[in-house]
Amino acid sequence: MLEVLDRARLILVTGKGGTGKTTVAAGIAVAAGLRGRRTLVAEVEGRQGLAGLFGRRELDHQEAPVGERLHALAIDPEESLREYLARYGFAPLARLLTWANLNRFITAAAPGLGDVLLVGKVWEAATRRTPTGVAYDLVVLDAPPTGRVVPFLRAPQTVAELARVGPIRNQADRVRDLLDDPDRTAVVLTCLPEELPVTETIEGAASLRAAGLPVAAVVANRVTPDRLGGRAGRLAALARDPAPLAAAAAAAGAELDGPALATLLREARGRQRQVRRERRLLKELRAGLDGLPVVELPFLAGGVGGPDLVRALAD
């Protein structure tokens, strides 16, 4: 995964809804910034999921600084349409569409056009150059969930097949070249250590590979830390005779009565059952991914609600 962070120009983060893909995208972007790369993290679904993670009320179509060597934006298809028209000399038409409020109608009436515009904006950010070089070393995209990500990423290919010549075809070809290039693009899937997400992640990785997209890694999110390790074998003996635990607690300044000791041991044994179940599922995940690396992020009891905890995951 560190190789991906240092090499890729574009990282696409996808996963089943509820697996924390927005949080993982934010963590990857912060990690890249900490490794010295100028990074842009973007979202395309209009949920404003990134904003709160960086301590902001909202993000818009303008790139805003949110951290060390890190900018963020929420890509809007209507703004992307105006930019696209202006880029190819149709600025008066873009202004007319805005005045007549027709942007939303056009993107809704042409299926797939919104996706093309969103992907095109990502491509523009990933390839934009300044007088001193590229604007960003890396763009991290909080992409649509796995059920929709292949049509989303293959929208430029569909446009290229429909538009035989002209600027639309040329841009679609350039976008497709970036998405298909494993030296520049990496798809990262997010997963939870649970039965259904593990199965769907294995299937999602296979679908992305079948579509020719460069899958690079899976992030297993919210993994229960194994705090006891080899000491977990003592739990059964302590349940029969908790005196050593009571003595250790007393030495640490905590007086625990019988019910408190029983509750503590019950919680510990329940946690170890959870750890064993998750380890079994993560083993199944690795076995089904045909050699893809799996990175584990720990479960944080309070959730990830701001920049400090995103930084902890980035570390």
# chains A, B, ... in the order shown; residues from 1 in each chain; ligands from 1
>>> residues_around(residues="Trp123 of chain A", least_positions_apart="5", cutoff="10 Å", atoms="only C-alpha atoms", output="ChimeraX atom specification")
/A:9-10,117-118,128,139,171-172,174-176,178-179
>>> write_last_selection(atoms="N, CA and C atoms", output="mmCIF file, in the first residue's frame")
data_model
loop_
_atom_site.group_PDB
_atom_site.id
_atom_site.type_symbol
_atom_site.label_atom_id
_atom_site.label_comp_id
_atom_site.auth_asym_id
_atom_site.auth_seq_id
_atom_site.Cartn_x
_atom_site.Cartn_y
_atom_site.Cartn_z
ATOM 1 N N ARG A 9 -0.914 8.179 -9.500
ATOM 2 C CA ARG A 9 -1.384 9.540 -9.721
ATOM 3 C C ARG A 9 -2.856 9.668 -9.354
ATOM 4 N N LEU A 10 -3.573 8.528 -9.378
ATOM 5 C CA LEU A 10 -4.998 8.528 -9.078
ATOM 6 C C LEU A 10 -5.337 7.269 -8.288
ATOM 7 N N LEU A 117 -18.836 13.605 -17.027
ATOM 8 C CA LEU A 117 -18.369 14.913 -16.573
ATOM 9 C C LEU A 117 -17.627 14.808 -15.245
ATOM 10 N N LEU A 118 -18.137 13.962 -14.347
ATOM 11 C CA LEU A 118 -17.470 13.788 -13.055
ATOM 12 C C LEU A 118 -16.106 13.147 -13.232
ATOM 13 N N ARG A 128 -3.568 18.021 -14.516
ATOM 14 C CA ARG A 128 -3.351 19.458 -14.657
ATOM 15 C C ARG A 128 -1.896 19.825 -14.396
ATOM 16 N N VAL A 139 -4.328 12.325 -6.841
ATOM 17 C CA VAL A 139 -5.741 12.610 -6.617
ATOM 18 C C VAL A 139 -6.379 11.354 -6.030
ATOM 19 N N GLN A 171 -10.904 13.587 -25.474
ATOM 20 C CA GLN A 171 -10.832 13.611 -24.015
ATOM 21 C C GLN A 171 -11.226 12.260 -23.430
ATOM 22 N N ALA A 172 -12.261 11.632 -23.991
ATOM 23 C CA ALA A 172 -12.681 10.320 -23.489
ATOM 24 C C ALA A 172 -11.542 9.311 -23.598
ATOM 25 N N ARG A 174 -8.325 9.994 -23.549
ATOM 26 C CA ARG A 174 -7.290 10.323 -22.561
ATOM 27 C C ARG A 174 -7.704 9.879 -21.158
ATOM 28 N N VAL A 175 -8.978 10.084 -20.837
ATOM 29 C CA VAL A 175 -9.475 9.644 -19.526
ATOM 30 C C VAL A 175 -9.373 8.131 -19.405
ATOM 31 N N ARG A 176 -9.781 7.411 -20.436
ATOM 32 C CA ARG A 176 -9.719 5.948 -20.414
ATOM 33 C C ARG A 176 -8.279 5.461 -20.279
ATOM 34 N N LEU A 178 -5.853 6.916 -18.710
ATOM 35 C CA LEU A 178 -5.439 7.081 -17.314
ATOM 36 C C LEU A 178 -6.054 5.996 -16.438
ATOM 37 N N LEU A 179 -7.346 5.748 -16.594
ATOM 38 C CA LEU A 179 -8.028 4.779 -15.738
ATOM 39 C C LEU A 179 -7.490 3.369 -15.934
#
>>> residues_around(residues="Asp315 of chain A", least_positions_apart="5", cutoff="10 Å", atoms="only C-alpha atoms", output="list in words")
Gly27, Ile28, Val30, Ala31, Leu34, Leu309 and Val310 of chain A
>>> residues_around(residues="Arg277 of chain A", least_positions_apart="6", cutoff="12 Å", atoms="only C-alpha atoms", output="number ranges by chain")
A: 193-195, 223-224, 226, 270-271, 283-284
>>> residues_around(residues="Ala217 of chain A", least_positions_apart="5", cutoff="12 Å", atoms="only C-alpha atoms", output="ChimeraX atom specification")
/A:1-5,11-15,185-191,201-202,205,208-209,285-286,289-296
>>> residues_around(residues="Leu313 of chain A", least_positions_apart="5", cutoff="12 Å", atoms="only C-alpha atoms", output="PDB file with N, CA and C atoms, in the first residue's frame")
ATOM      1  N   GLY A  20     -17.244   2.400   5.138  1.00  0.00           N
ATOM      2  CA  GLY A  20     -16.333   3.474   5.512  1.00  0.00           C
ATOM      3  C   GLY A  20     -15.425   3.932   4.390  1.00  0.00           C
ATOM      4  N   THR A  23     -14.234   7.587   4.733  1.00  0.00           N
ATOM      5  CA  THR A  23     -13.216   7.720   5.777  1.00  0.00           C
ATOM      6  C   THR A  23     -11.878   7.176   5.306  1.00  0.00           C
ATOM      7  N   VAL A  24     -11.909   6.038   4.617  1.00  0.00           N
ATOM      8  CA  VAL A  24     -10.658   5.457   4.105  1.00  0.00           C
ATOM      9  C   VAL A  24     -10.039   6.375   3.053  1.00  0.00           C
ATOM     10  N   ALA A  25     -10.867   6.950   2.167  1.00  0.00           N
ATOM     11  CA  ALA A  25     -10.342   7.879   1.166  1.00  0.00           C
ATOM     12  C   ALA A  25      -9.663   9.068   1.843  1.00  0.00           C
ATOM     13  N   ALA A  26     -10.297   9.603   2.895  1.00  0.00           N
ATOM     14  CA  ALA A  26      -9.700  10.724   3.623  1.00  0.00           C
ATOM     15  C   ALA A  26      -8.386  10.303   4.276  1.00  0.00           C
ATOM     16  N   GLY A  27      -8.359   9.106   4.879  1.00  0.00           N
ATOM     17  CA  GLY A  27      -7.130   8.628   5.517  1.00  0.00           C
ATOM     18  C   GLY A  27      -6.005   8.432   4.525  1.00  0.00           C
ATOM     19  N   ILE A  28      -6.318   7.867   3.351  1.00  0.00           N
ATOM     20  CA  ILE A  28      -5.296   7.687   2.314  1.00  0.00           C
ATOM     21  C   ILE A  28      -4.750   9.036   1.866  1.00  0.00           C
ATOM     22  N   ALA A  29      -5.640  10.016   1.673  1.00  0.00           N
ATOM     23  CA  ALA A  29      -5.206  11.333   1.222  1.00  0.00           C
ATOM     24  C   ALA A  29      -4.299  12.003   2.254  1.00  0.00           C
ATOM     25  N   VAL A  30      -4.682  11.918   3.536  1.00  0.00           N
ATOM     26  CA  VAL A  30      -3.839  12.504   4.590  1.00  0.00           C
ATOM     27  C   VAL A  30      -2.490  11.796   4.642  1.00  0.00           C
ATOM     28  N   ALA A  31      -2.500  10.467   4.521  1.00  0.00           N
ATOM     29  CA  ALA A  31      -1.245   9.710   4.544  1.00  0.00           C
ATOM     30  C   ALA A  31      -0.332  10.121   3.400  1.00  0.00           C
ATOM     31  N   LEU A  53     -15.141  15.257   8.066  1.00  0.00           N
ATOM     32  CA  LEU A  53     -13.882  14.588   8.410  1.00  0.00           C
ATOM     33  C   LEU A  53     -12.723  15.568   8.471  1.00  0.00           C
ATOM     34  N   VAL A 219      -8.758  -2.461   1.849  1.00  0.00           N
ATOM     35  CA  VAL A 219      -8.616  -1.981   3.226  1.00  0.00           C
ATOM     36  C   VAL A 219      -9.722  -2.612   4.058  1.00  0.00           C
ATOM     37  N   ASN A 221     -11.644  -2.435   7.184  1.00  0.00           N
ATOM     38  CA  ASN A 221     -11.903  -1.321   8.095  1.00  0.00           C
ATOM     39  C   ASN A 221     -12.591  -1.815   9.367  1.00  0.00           C
ATOM     40  N   ARG A 222     -12.382  -1.102  10.464  1.00  0.00           N
ATOM     41  CA  ARG A 222     -13.039  -1.375  11.751  1.00  0.00           C
ATOM     42  C   ARG A 222     -12.734  -2.786  12.252  1.00  0.00           C
ATOM     43  N   VAL A 295      -4.889  -4.308   3.882  1.00  0.00           N
ATOM     44  CA  VAL A 295      -4.454  -3.426   4.964  1.00  0.00           C
ATOM     45  C   VAL A 295      -5.569  -3.374   5.997  1.00  0.00           C
ATOM     46  N   GLU A 296      -5.231  -3.468   7.278  1.00  0.00           N
ATOM     47  CA  GLU A 296      -6.239  -3.445   8.337  1.00  0.00           C
ATOM     48  C   GLU A 296      -6.219  -2.111   9.077  1.00  0.00           C
ATOM     49  N   LEU A 297      -7.401  -1.535   9.249  1.00  0.00           N
ATOM     50  CA  LEU A 297      -7.557  -0.347  10.082  1.00  0.00           C
ATOM     51  C   LEU A 297      -8.363  -0.720  11.319  1.00  0.00           C
ATOM     52  N   PRO A 298      -8.008  -0.184  12.495  1.00  0.00           N
ATOM     53  CA  PRO A 298      -8.664  -0.609  13.731  1.00  0.00           C
ATOM     54  C   PRO A 298     -10.043  -0.001  13.921  1.00  0.00           C
ATOM     55  N   PHE A 299     -10.874  -0.723  14.638  1.00  0.00           N
ATOM     56  CA  PHE A 299     -12.161  -0.188  15.074  1.00  0.00           C
ATOM     57  C   PHE A 299     -11.923   0.890  16.120  1.00  0.00           C
ATOM     58  N   LEU A 300     -12.511   2.075  15.903  1.00  0.00           N
ATOM     59  CA  LEU A 300     -12.429   3.172  16.863  1.00  0.00           C
ATOM     60  C   LEU A 300     -13.799   3.330  17.498  1.00  0.00           C
ATOM     61  N   GLY A 303     -16.081   6.217  16.672  1.00  0.00           N
ATOM     62  CA  GLY A 303     -16.195   6.580  15.269  1.00  0.00           C
ATOM     63  C   GLY A 303     -15.139   7.590  14.869  1.00  0.00           C
ATOM     64  N   VAL A 304     -15.173   7.992  13.607  1.00  0.00           N
ATOM     65  CA  VAL A 304     -14.208   8.969  13.088  1.00  0.00           C
ATOM     66  C   VAL A 304     -14.981  10.240  12.771  1.00  0.00           C
ATOM     67  N   GLY A 305     -14.855  11.221  13.656  1.00  0.00           N
ATOM     68  CA  GLY A 305     -15.669  12.415  13.513  1.00  0.00           C
ATOM     69  C   GLY A 305     -14.912  13.689  13.242  1.00  0.00           C
ATOM     70  N   GLY A 306     -13.621  13.609  12.937  1.00  0.00           N
ATOM     71  CA  GLY A 306     -12.882  14.834  12.710  1.00  0.00           C
ATOM     72  C   GLY A 306     -11.458  14.582  12.281  1.00  0.00           C
ATOM     73  N   PRO A 307     -10.699  15.658  12.049  1.00  0.00           N
ATOM     74  CA  PRO A 307      -9.349  15.552  11.490  1.00  0.00           C
ATOM     75  C   PRO A 307      -8.376  14.737  12.341  1.00  0.00           C
ATOM     76  N   ASP A 308      -8.478  14.821  13.666  1.00  0.00           N
ATOM     77  CA  ASP A 308      -7.518  14.105  14.517  1.00  0.00           C
ATOM     78  C   ASP A 308      -7.609  12.592  14.329  1.00  0.00           C
TER      79      ASP A 308
END
>>> residues_around(residues="segment 238-251 of chain A", least_positions_apart="2", cutoff="10 Å", atoms="only C-alpha atoms", output="list in words")
Gly233, Arg234, Leu235, Ala236, Gly253, Ala254, Glu255, Leu256, Asp257, Gly258, Ala260, Leu261, Ala262, Leu264, Leu265, Arg266 and Arg269 of chain A
>>> write_last_selection(atoms="all heavy atoms", output="compact mmCIF listing (two decimals), in the first residue's frame")
# COMPACT_ATOMS: atom_id res chain seq x y z
N GLY A 233 -5.49 -17.09 26.42
CA GLY A 233 -5.65 -18.44 26.95
C GLY A 233 -5.85 -18.49 28.45
O GLY A 233 -6.31 -19.52 28.98
N ARG A 234 -5.54 -17.41 29.14
CA ARG A 234 -5.70 -17.38 30.60
C ARG A 234 -7.12 -17.05 31.03
O ARG A 234 -7.46 -17.17 32.21
CB ARG A 234 -4.74 -16.36 31.20
CG ARG A 234 -3.26 -16.66 30.94
CD ARG A 234 -2.37 -15.58 31.52
NE ARG A 234 -2.56 -15.43 32.96
CZ ARG A 234 -2.07 -14.42 33.67
NH1 ARG A 234 -1.39 -13.46 33.07
NH2 ARG A 234 -2.28 -14.35 34.97
N LEU A 235 -7.96 -16.61 30.09
CA LEU A 235 -9.30 -16.14 30.46
C LEU A 235 -10.14 -17.24 31.10
O LEU A 235 -10.86 -17.00 32.08
CB LEU A 235 -10.02 -15.57 29.24
CG LEU A 235 -9.49 -14.23 28.71
CD1 LEU A 235 -10.20 -13.86 27.42
CD2 LEU A 235 -9.67 -13.14 29.76
N ALA A 236 -10.06 -18.45 30.54
CA ALA A 236 -10.87 -19.54 31.09
C ALA A 236 -10.49 -19.83 32.54
O ALA A 236 -11.35 -20.01 33.41
CB ALA A 236 -10.72 -20.79 30.24
N GLY A 253 -4.53 -0.11 42.09
CA GLY A 253 -5.35 0.89 42.76
C GLY A 253 -6.82 0.79 42.49
O GLY A 253 -7.57 1.73 42.75
N ALA A 254 -7.28 -0.35 41.91
CA ALA A 254 -8.71 -0.53 41.61
C ALA A 254 -9.24 -1.71 42.40
O ALA A 254 -8.74 -2.83 42.27
CB ALA A 254 -8.90 -0.76 40.11
N GLU A 255 -10.23 -1.47 43.25
CA GLU A 255 -10.86 -2.54 44.01
C GLU A 255 -12.07 -3.05 43.23
O GLU A 255 -13.03 -2.32 43.02
CB GLU A 255 -11.28 -2.03 45.40
CG GLU A 255 -10.12 -1.58 46.27
CD GLU A 255 -9.21 -2.73 46.68
OE1 GLU A 255 -9.69 -3.90 46.69
OE2 GLU A 255 -8.04 -2.48 46.99
N LEU A 256 -12.02 -4.31 42.80
CA LEU A 256 -13.12 -4.89 42.02
C LEU A 256 -13.78 -5.99 42.83
O LEU A 256 -13.11 -6.91 43.30
CB LEU A 256 -12.59 -5.46 40.70
CG LEU A 256 -11.93 -4.47 39.74
CD1 LEU A 256 -11.43 -5.18 38.49
CD2 LEU A 256 -12.91 -3.37 39.35
N ASP A 257 -15.13 -5.89 42.98
CA ASP A 257 -15.85 -6.95 43.68
C ASP A 257 -16.17 -8.10 42.71
O ASP A 257 -15.83 -8.05 41.52
CB ASP A 257 -17.11 -6.40 44.34
CG ASP A 257 -18.07 -5.78 43.33
OD1 ASP A 257 -17.90 -6.01 42.12
OD2 ASP A 257 -19.00 -5.07 43.77
N GLY A 258 -16.84 -9.12 43.22
CA GLY A 258 -17.14 -10.29 42.41
C GLY A 258 -17.92 -9.98 41.15
O GLY A 258 -17.54 -10.42 40.05
N ALA A 260 -18.14 -7.19 39.48
CA ALA A 260 -17.32 -6.40 38.56
C ALA A 260 -16.31 -7.29 37.85
O ALA A 260 -16.07 -7.15 36.64
CB ALA A 260 -16.61 -5.27 39.31
N LEU A 261 -15.69 -8.22 38.58
CA LEU A 261 -14.73 -9.13 37.97
C LEU A 261 -15.42 -10.02 36.93
O LEU A 261 -14.89 -10.26 35.84
CB LEU A 261 -14.08 -10.00 39.04
CG LEU A 261 -13.07 -9.30 39.96
CD1 LEU A 261 -12.73 -10.19 41.15
CD2 LEU A 261 -11.80 -8.95 39.19
N ALA A 262 -16.62 -10.50 37.26
CA ALA A 262 -17.36 -11.35 36.32
C ALA A 262 -17.70 -10.59 35.04
O ALA A 262 -17.58 -11.12 33.93
CB ALA A 262 -18.63 -11.88 36.99
N LEU A 264 -16.09 -7.98 33.81
CA LEU A 264 -14.84 -7.73 33.10
C LEU A 264 -14.41 -8.96 32.30
O LEU A 264 -14.05 -8.87 31.11
CB LEU A 264 -13.74 -7.34 34.09
CG LEU A 264 -12.41 -6.87 33.53
CD1 LEU A 264 -12.59 -5.59 32.74
CD2 LEU A 264 -11.41 -6.65 34.66
N LEU A 265 -14.49 -10.11 32.91
CA LEU A 265 -14.08 -11.34 32.24
C LEU A 265 -15.06 -11.71 31.11
O LEU A 265 -14.64 -12.19 30.04
CB LEU A 265 -13.99 -12.49 33.25
CG LEU A 265 -12.77 -12.42 34.18
CD1 LEU A 265 -12.96 -13.32 35.38
CD2 LEU A 265 -11.51 -12.80 33.41
N ARG A 266 -16.34 -11.46 31.34
CA ARG A 266 -17.33 -11.75 30.30
C ARG A 266 -17.09 -10.87 29.07
O ARG A 266 -17.16 -11.34 27.93
CB ARG A 266 -18.74 -11.55 30.85
CG ARG A 266 -19.84 -11.96 29.88
CD ARG A 266 -21.20 -12.03 30.58
NE ARG A 266 -21.57 -10.77 31.20
CZ ARG A 266 -21.61 -10.56 32.52
NH1 ARG A 266 -21.29 -11.54 33.37
NH2 ARG A 266 -21.96 -9.39 33.02
N ARG A 269 -13.91 -12.13 27.24
CA ARG A 269 -14.13 -13.36 26.47
C ARG A 269 -14.99 -13.08 25.23
O ARG A 269 -14.76 -13.66 24.16
CB ARG A 269 -14.79 -14.42 27.36
CG ARG A 269 -13.90 -14.83 28.54
CD ARG A 269 -14.54 -15.88 29.41
NE ARG A 269 -14.41 -17.22 28.84
CZ ARG A 269 -14.81 -18.32 29.45
NH1 ARG A 269 -15.39 -18.25 30.64
NH2 ARG A 269 -14.65 -19.49 28.89
>>> atom_distance(atom1="atom CA of Thr132 of chain A", atom2="atom CA of Pro214 of chain A")
29.1 Å
>>> atom_distance(atom1="atom CA of Pro259 of chain A", atom2="atom CA of Arg273 of chain A")
21.1 Å
>>> select_by_dssp(residues="segment 143-259 of chain A", states="strand (DSSP E or B)", output="list in words")
Thr185, Ala186, Val187, Val188, Leu189, Thr190, Cys191, Val215, Ala216, Ala217, Val218, Val219, Ala220, Asn221, Arg222 and Val223 of chain A
>>> write_last_selection(atoms="all heavy atoms", output="tab-separated table (two decimals), in the first residue's frame")
chain	number	residue	atom	x	y	z
A	185	THR	N	-2.86	4.55	-12.00
A	185	THR	CA	-4.16	4.46	-11.32
A	185	THR	C	-4.23	3.20	-10.47
A	185	THR	O	-3.72	2.15	-10.86
A	185	THR	CB	-5.31	4.45	-12.37
A	185	THR	OG1	-5.29	5.70	-13.07
A	185	THR	CG2	-6.66	4.27	-11.70
A	186	ALA	N	-4.85	3.31	-9.31
A	186	ALA	CA	-5.03	2.17	-8.40
A	186	ALA	C	-6.43	2.23	-7.82
A	186	ALA	O	-6.87	3.28	-7.33
A	186	ALA	CB	-4.00	2.19	-7.28
A	187	VAL	N	-7.13	1.10	-7.89
A	187	VAL	CA	-8.45	0.98	-7.26
A	187	VAL	C	-8.27	0.29	-5.92
A	187	VAL	O	-7.63	-0.77	-5.84
A	187	VAL	CB	-9.44	0.19	-8.14
A	187	VAL	CG1	-10.79	0.08	-7.43
A	187	VAL	CG2	-9.60	0.85	-9.49
A	188	VAL	N	-8.80	0.89	-4.87
A	188	VAL	CA	-8.73	0.34	-3.52
A	188	VAL	C	-10.15	0.08	-3.04
A	188	VAL	O	-11.00	0.98	-3.11
A	188	VAL	CB	-8.01	1.30	-2.55
A	188	VAL	CG1	-8.06	0.78	-1.12
A	188	VAL	CG2	-6.56	1.51	-2.98
A	189	LEU	N	-10.42	-1.14	-2.59
A	189	LEU	CA	-11.74	-1.49	-2.08
A	189	LEU	C	-11.73	-1.45	-0.56
A	189	LEU	O	-10.73	-1.82	0.07
A	189	LEU	CB	-12.17	-2.88	-2.55
A	189	LEU	CG	-12.45	-3.05	-4.03
A	189	LEU	CD1	-11.29	-3.74	-4.71
A	189	LEU	CD2	-13.72	-3.84	-4.26
A	190	THR	N	-12.84	-1.04	0.03
A	190	THR	CA	-13.00	-1.08	1.49
A	190	THR	C	-13.92	-2.24	1.86
A	190	THR	O	-14.82	-2.60	1.11
A	190	THR	CB	-13.57	0.23	2.03
A	190	THR	OG1	-14.85	0.48	1.43
A	190	THR	CG2	-12.64	1.39	1.74
A	191	CYS	N	-13.66	-2.80	3.04
A	191	CYS	CA	-14.40	-3.97	3.49
A	191	CYS	C	-14.52	-3.93	5.00
A	191	CYS	O	-13.71	-3.29	5.67
A	191	CYS	CB	-13.66	-5.24	3.03
A	191	CYS	SG	-14.48	-6.80	3.47
A	215	VAL	N	-7.00	-2.99	-9.96
A	215	VAL	CA	-7.25	-3.15	-8.52
A	215	VAL	C	-5.91	-3.35	-7.82
A	215	VAL	O	-5.10	-4.19	-8.21
A	215	VAL	CB	-8.18	-4.34	-8.25
A	215	VAL	CG1	-8.51	-4.43	-6.77
A	215	VAL	CG2	-9.46	-4.22	-9.07
A	216	ALA	N	-5.67	-2.57	-6.76
A	216	ALA	CA	-4.35	-2.58	-6.12
A	216	ALA	C	-4.38	-3.14	-4.70
A	216	ALA	O	-3.39	-3.73	-4.26
A	216	ALA	CB	-3.78	-1.15	-6.08
A	217	ALA	N	-5.47	-2.96	-3.96
A	217	ALA	CA	-5.46	-3.36	-2.55
A	217	ALA	C	-6.87	-3.33	-2.00
A	217	ALA	O	-7.79	-2.78	-2.60
A	217	ALA	CB	-4.55	-2.42	-1.73
A	218	VAL	N	-7.01	-3.94	-0.81
A	218	VAL	CA	-8.26	-3.88	-0.05
A	218	VAL	C	-7.93	-3.36	1.35
A	218	VAL	O	-6.92	-3.75	1.93
A	218	VAL	CB	-8.92	-5.27	0.05
A	218	VAL	CG1	-10.09	-5.26	1.03
A	218	VAL	CG2	-9.39	-5.74	-1.33
A	219	VAL	N	-8.76	-2.46	1.85
A	219	VAL	CA	-8.62	-1.98	3.23
A	219	VAL	C	-9.72	-2.61	4.06
A	219	VAL	O	-10.91	-2.37	3.82
A	219	VAL	CB	-8.70	-0.45	3.30
A	219	VAL	CG1	-8.69	0.01	4.77
A	219	VAL	CG2	-7.54	0.18	2.55
A	220	ALA	N	-9.35	-3.45	5.01
A	220	ALA	CA	-10.30	-4.01	5.97
A	220	ALA	C	-10.46	-3.00	7.09
A	220	ALA	O	-9.53	-2.75	7.86
A	220	ALA	CB	-9.79	-5.35	6.49
A	221	ASN	N	-11.64	-2.44	7.18
A	221	ASN	CA	-11.90	-1.32	8.10
A	221	ASN	C	-12.59	-1.82	9.37
A	221	ASN	O	-13.29	-2.83	9.36
A	221	ASN	CB	-12.77	-0.28	7.37
A	221	ASN	CG	-12.80	1.05	8.06
A	221	ASN	OD1	-11.89	1.39	8.82
A	221	ASN	ND2	-13.84	1.83	7.81
A	222	ARG	N	-12.38	-1.10	10.46
A	222	ARG	CA	-13.04	-1.37	11.75
A	222	ARG	C	-12.73	-2.79	12.25
A	222	ARG	O	-13.63	-3.53	12.65
A	222	ARG	CB	-14.55	-1.16	11.65
A	222	ARG	CG	-14.95	0.23	11.18
A	222	ARG	CD	-16.45	0.34	11.08
A	222	ARG	NE	-16.86	1.44	10.22
A	222	ARG	CZ	-18.04	1.54	9.62
A	222	ARG	NH1	-18.93	0.57	9.78
A	222	ARG	NH2	-18.33	2.56	8.85
A	223	VAL	N	-11.48	-3.15	12.22
A	223	VAL	CA	-11.05	-4.46	12.72
A	223	VAL	C	-10.84	-4.37	14.22
A	223	VAL	O	-10.14	-3.48	14.71
A	223	VAL	CB	-9.76	-4.92	12.01
A	223	VAL	CG1	-9.27	-6.24	12.59
A	223	VAL	CG2	-9.98	-5.04	10.51
>>> closest_residue(among="A:Asp115, A:Glu278, A:Asp142, A:Asp6", to="Leu192 of chain A", atoms="only C-alpha atoms")
A:Glu278
>>> closest_residue(among="A:Gly36, A:Glu43, A:Ala126, A:Gly49", to="Gly67 of chain A", atoms="only C-alpha atoms")
A:Gly36
>>> atom_distance(atom1="atom CA of Leu73 of chain A", atom2="atom CA of Leu50 of chain A")
8.5 Å
